[in-house]
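J.: Attaching a single structure in structure tokens format; questions to follow.
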Amino acid sequence: MTKTSTSSSEPLIQVTDLSVSFNQQGQITEAVKQISFEIPAGQTLALVGESGSGKSVSALSILRLLPQAEPPSGQILYQGRDLLQADEAEMRQLRGDRIGVIFQEPMTSLNPLHTIDKQIGETLLLHKGMNSKQARERTLELLDLVGIRDPEQRLKSYPHELSGGQRQRVMIAMALANEPELLIADEPTTALDVTIALQILELLRELQQKLGMAILLISHDLNIVRRYADHVCVMHQGRIVESNNCAALFANPQADYTKMLLDAEPSGQPLALTDQAKPLLSTNQLKVWFPIKQGLLHRVVDHVKAVDGVNITLRQGETLGVVGESGSGKTTLGLAILRLIGSQGEIRFEGQSIQHLNQKQIKPLRRELQVVFQDPYGSLSPRMTVAEIITEGMVIHGIGDSQNRQQLVIDVLCEVGLDADALHRYPHEFSGGQRQRIAIARALVLKPKLIILDEPTSALDRTVQSQIIELLRDLQAKHQLSYIFISHDLAVVKALSHQLLVMRAGEVVEQGEAKKLFEQPQDRYTQTLLQAAFSA
Amino acid sequence: MFSITARLSPINRRRLERFKQNRRGYWALWLLTGLFVLSLGAELIANERPLLVSHQQQLYWTLWNDYSEVTFGGEFDTQADFKDPYMKELIEVEGNGWIIWPPIRYRYDSINYDLSAPAPSPPTSENWLGTDDQGRDVLARVIYGFRISMLFALILTGASSVIGVIAGAVQGYYGGKVDLIFQRFIEIWSGLPVLFLLIILASIVEPNFWWLLGIMLLFSWMQLVDVVRAEFLRGRNLEYVRAARALGLSNRLIMFRHILPNAMVATLTFMPFIFNGSVVTLTALDFLGFGLPPGSPSLGELVAQGKSNLHAPWLGITAFMVLSIMLTLLIFTGEAVRDAFDPRKQL
């Protein structure tokens with residue numbers, strides 16, 4: 001990704017007035033509206049925008065990979081040929097040969113039934129006409145190129161045997177197999193942990209320099225774009241609202257929307273804490289071990305230590321940030337504190353040990369201890385109206401009577417920034433951010449003392465994220481709430497947490513006051529994490 | 001799903017739309033419902049008694065009440081047989097009255113003694129589909145038999161769905177040991193030979209409608225367990241189920257309110273096919289002679305008669321037509337329901 005602008009060179013691909021629309025039940029929605037951009041050979045163009053802005057649709061229509069769309073209008077000139085006029089045979093020649101694609105989800109974009117060898121070899125056999133021996137050699141070469149260790153052994157692996165990062169590397173190897181001139185990378189790192197995401201992007205940059213290909217990078221993450229793109233197009237509701245050289249765009253954004261995006265980085269400080277705040281929750285050597293059973297008698301041979309010996313103390317009005325990469329045991333810790341999964345060790349809530357309470361005894365405590373989950377699409381029952389969802393907890397805990405419950409629901413909806421007319425609508429009618437507000441309202445209506453927030457902002461766009469964080473902070477100030485904030489996103493955690501807990505493979509790597517920890521991380525792992533997140 | 005009439009959620013509205021889109025299934029359901037409702041009033045359609053008799057300016061509800069011949073000026077104090085030409089004359093001529101007959105003047109068990117040919121007799125204007133080998137009107141038997149088949153299948157499907165859903169829900173939701181033990185039990189239970197049990201039973205008691213239903217129910221509830229169990233296994237890990245547990249909802253409430261609606265999709269999709277299976281099972285048992293008591297109107301018995309009287313093709317043809325039309329309509333309905341619940345199907 002050479003940062004020299006070579007505007008004089010002939011563009012590799014030139015998109016003019018491209019429009020794509022979908023026909024859903026007779027309703028025509030225009031996903032992309034008359035966008036134009038061009039990518040010179042060897043350069044990187046980034047399409048930036050929030051979810052639903054039409055980034056992926058525009059990129060995929062270059063390859064005409066959207067069968068359910070109406071035929072797009074406009075012009076896509078690839079080395080002077082209009083791809084929208086090309087026939088299917090010609091497109092097949094281009095796909096996977098001249099133009100490679102990396103998809104967002106490495107989990108689902110590799111066929112789970114084929115070995116790595118077969119998946120990569122397929123394009124080679126198809127486009128290059130190699131025999132299987134040549135293909136194997138080339139595959140090894142490619143795996144080596146994308147930095148997979150022991151490529152010989154990996155050849156016969158199936159996708160599930162690889163980690164997320166390795167899978168994404170395999171995807172890249174597949175895309176690069178035929179040395180494409182253009183690589184379309186559709187959110188290549190969104191599903192990966194930050195440290196791994198960084199490695200993948202570095203790899204892409206290296207490969208670009210080595211092979212001289214152009215990259216169309218699609219991302220919602222401005223940090224990535226700033227670091228890796230030459231040219232940036234900002235998309236909003238299907239239109240390109242701003243398009244400029246990368247450095248110029250970040251230094252001097254023109255469109256209002258771009259400014260909003262740039263300002264949307266989570267900011268602010270956690271609320272000041274009073275000194276005499278009472279301790280609310282503490283754990284002592286909290287462990288969640290899943291036994292590994294083997295043999296005929298199912299004897300326990302070992303344990304998977306999902307959470308291993310965690311001690312925390314949380315005061316009223318305080319936020320504990322729990323960070324770590326996927327699989328580090330963050331969520332398990334949250335569920336253990338909620339007593340939704342079994343654990344060993346002591347959990348004290350307001351001085352009372354809650355570890356050995358049975359379902360009936362713990363019911364009154366459920367009111368005080370609430371939770372908001374990551375996926376706002378999954379955590380609300382799709383068959384219940386908003387009013388029913390929020391009222392459910394009140395009925396269980398006998399809060400209010402049938403007359404004033406509706407008023408309580410309206411109050412709490414206003415508090416989280418929703419209108420009263422949301423009452424009789426269903427969750428799917430709301431956007432991700434609004435759904436997360438409903439989930440917060442459901443917890444809040446019980447007047448809890450502690451809310452466990454399990455990645456509450458991860459599924460949301462940046463602008464919505466910062467709104468939710470503002471809301472959480474306001475609510476904390478108003479109700480003296482304590483939070484346990486679980487996230488992999490350090491920027492978000494930083495804006496909210498008093499204390500920080502860094503987890504890795506079930507163990508606590510580092511723990512302490514958040515401010516100090518962000519400034520002077522002691523542990524090597526914490527340092528890498530922080531560097532990956534804030535080095536832009 | 002529980003307030004289908006009161007307030008349809010958008011997803012259910014779309015399903016209803018999709019169901020209507022499948023014209024074939026939609027009409028099949030209407031036709032089937034219409035035929036079933038008609039057959040519920042079988043006594044009004046096919047009966048050996050008149051519906052209403054007027055005699056000397058007085059109305060007699062002969063369908064519900066028994067009247068003696070003497071009432072109409074006859075000589076013997078026995079129950080009036082209105083088919084007798086003598087009775088007809090008594091009422092219409094001497095009593096200055098009239099008789100309203102149902103369209104078919106035979107019940108499933110009334111025997112026509114004035115056949116023009118030896119039984120089984122071919123179709124005539126009197127017996128539209130002929131008579132069987134005991135001189136009983138085939139059309140009347142078909143109407144009553146259809147009603148029994150439908151009722152049997154309806155009750156069996158309903159009851160086995162309820163039991164199956166509960167069993168599947170408990171297994172899937174609690175998992176672990178409960179699941180393990182229950183699954184093994186089902187494996188053993190489903191290995192039991194149903195037909196042998198029925199034959200043994202037939203030698204102990206006379207199997208009537210309810211006995212048969214009970215025995216079939218003992219084994220038919222297992223069909224739904226697997227799908228519902230799978231749905232609950234998946235459902236208990238959904239985030240909104242977790243959220244409900246964190247709210248402090250009881251297990252029963254979570255199962256009923258949060259997971260069951262998911263499982264209902266699978267259940268409703270399966271139901272028409274279970275229904276179909278029930279109809280076939282009853283017919284097969286009757287055909288073999290282990291079903292309903294002798295003399296009851298049953299489609300299976302008609303098939304058996306058709307088989308043993310190949311020289312009277314109207315028996316076999318009628319049985320075949322009735323069964324195939326009924327099962328085809330059911331399958332069409334089932335297909336439409338399945339399509340309606342298929343999330344991948346576009347309108």
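Ligands are numbered from 1 in the order shown, chains are lettered A, B, ... in the order of the structure tokens, and residues start at 1 in each chain.
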Produce a table with one row for each residue of chain B that has an atom at most 8 Å from any atom of chain A, each row naming the nearest atom pair and its distance in Å at one decimal; use only C-alpha atoms; arrange rows by chain and rising residue number; format as a Markdown table.
T.:
| residue | atom | partner | partner_atom | distance |
| --- | --- | --- | --- | --- |
| B:Ser9 | CA | A:Arg383 | CA | 7.1 |
| B:Leu238 | CA | A:Gly378 | CA | 6.8 |
| B:Glu239 | CA | A:Ser379 | CA | 4.5 |
| B:Tyr240 | CA | A:Ser379 | CA | 3.9 |
| B:Val241 | CA | A:Ser379 | CA | 7.6 |
| B:Arg242 | CA | A:Leu340 | CA | 7.9 |
| B:Ala243 | CA | A:Ser379 | CA | 6.6 |
| B:Arg245 | CA | A:Leu340 | CA | 7.5 |
| B:Ala246 | CA | A:Arg366 | CA | 6.2 |
| B:Leu247 | CA | A:Gly393 | CA | 5.6 |
| B:Gly248 | CA | A:Lys363 | CA | 5.5 |
| B:Leu249 | CA | A:Ile396 | CA | 6.5 |
| B:His258 | CA | A:Ser381 | CA | 6.8 |
| B:Pro261 | CA | A:Arg383 | CA | 7.9 |
| B:Gln346 | CA | A:Gln25 | CA | 7.7 |
| B:Leu347 | CA | A:Gln25 | CA | 6.2 |
J.: Write the residues you've just listed into a file as a short mmCIF file (atom, residue, chain, number, x, y, z; two decimals), in the first residue's frame, and include C-alpha atoms for each of them.
T.:
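Below is the file again.cif, written as the result:
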data_model
loop_
_atom_site.label_atom_id
_atom_site.label_comp_id
_atom_site.auth_asym_id
_atom_site.auth_seq_id
_atom_site.Cartn_x
_atom_site.Cartn_y
_atom_site.Cartn_z
CA SER B 9 -47.85 -10.90 14.98
CA LEU B 238 -30.88 -18.58 23.13
CA GLU B 239 -30.02 -15.23 24.60
CA TYR B 240 -33.58 -14.21 25.33
CA VAL B 241 -34.06 -17.44 27.23
CA ARG B 242 -30.97 -16.65 29.25
CA ALA B 243 -32.29 -13.16 29.79
CA ARG B 245 -33.67 -16.85 33.47
CA ALA B 246 -31.77 -13.82 34.67
CA LEU B 247 -35.12 -12.12 35.23
CA GLY B 248 -36.03 -14.95 37.58
CA LEU B 249 -38.72 -16.68 35.51
CA HIS B 258 -40.23 -18.40 25.43
CA PRO B 261 -43.46 -20.83 20.32
CA GLN B 346 -40.35 -15.95 -0.46
CA LEU B 347 -43.81 -14.72 -1.12
#
J.: Go through stretch 189-252 of chain B and collect every residue that DSSP, computed from the backbone, puts in alpha helix (DSSP H); the answer should be as a ChimeraX atom specification.
T.: /B:189-190,194-204,209-220,222-235,239-247,251-252
J.: Compile the contact shell of A:Leu450 as a PyMOL selection string: residues with an atom at most 6 Å away, counting only C-alpha atoms, same-chain residues fewer than 4 positions apart removed.
T.: chain A and resi 369+481-483
J.: Emit the selected residues as a PDB file, in the first residue's frame, including N, CA and C atoms.
T.:
ATOM      1  N   LEU A 369     -29.809  -8.051  40.440  1.00  0.00           N
ATOM      2  CA  LEU A 369     -28.671  -8.448  39.618  1.00  0.00           C
ATOM      3  C   LEU A 369     -29.178  -8.659  38.203  1.00  0.00           C
ATOM      4  N   LEU A 481     -25.881   2.942  39.891  1.00  0.00           N
ATOM      5  CA  LEU A 481     -25.763   1.559  39.453  1.00  0.00           C
ATOM      6  C   LEU A 481     -24.315   1.116  39.436  1.00  0.00           C
ATOM      7  N   SER A 482     -24.095  -0.157  39.675  1.00  0.00           N
ATOM      8  CA  SER A 482     -22.773  -0.733  39.444  1.00  0.00           C
ATOM      9  C   SER A 482     -22.841  -1.531  38.145  1.00  0.00           C
ATOM     10  N   TYR A 483     -21.758  -1.499  37.392  1.00  0.00           N
ATOM     11  CA  TYR A 483     -21.719  -2.279  36.161  1.00  0.00           C
ATOM     12  C   TYR A 483     -20.551  -3.241  36.187  1.00  0.00           C
TER      13      TYR A 483
END
J.: List every residue of stretch 84-191 of chain A that DSSP, applied to the backbone of this structure, places in strand (DSSP E or B), and write the result as a list in words.
T.: Arg95, Ile99, Gly100, Val101, Ile102, Leu182, Leu183, Ile184, Ala185 and Asp186 of chain A
J.: Under the rule that only C-alpha atoms are counted, which of A:Arg92, A:Gly121, A:Gly42, A:Leu113 is the nearest residue to A:Leu211?
T.: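 For A:Leu211, the nearest of the given residues is A:Gly42.
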J.: Produce a table with one row for each residue of stretch 21-46 of chain B that has an atom at most 10 Å from any atom of stretch 312-326 of chain B, each row naming the nearest atom pair and its distance in Å at one decimal; use only C-alpha atoms; arrange rows by chain and rising residue number; format as a Markdown table.
T.:
| residue | atom | partner | partner_atom | distance |
| --- | --- | --- | --- | --- |
| B:Ala28 | CA | B:Met326 | CA | 9.5 |
| B:Leu31 | CA | B:Met326 | CA | 9.8 |
| B:Leu32 | CA | B:Met326 | CA | 7.5 |
| B:Leu35 | CA | B:Met326 | CA | 9.6 |
J.: Which neighbours of stretch 223-236 of chain B fall inside 8 Å, counting only C-alpha atoms, when residues of the same chain fewer than 4 positions from it are skipped, and could you give them as number ranges by chain?
T.: B: 161, 164-165, 167-173, 175, 241-242, 259-260, 262-263, 266-267, 270, 274
J.: Quick one: everything within 12 Å of A:Leu126, counting only C-alpha atoms, minus sequence neighbours fewer than 2 positions away in the same chain. Send it as a ChimeraX atom specification.
T.: /A:92-97,118-124,128-132,135,177-178
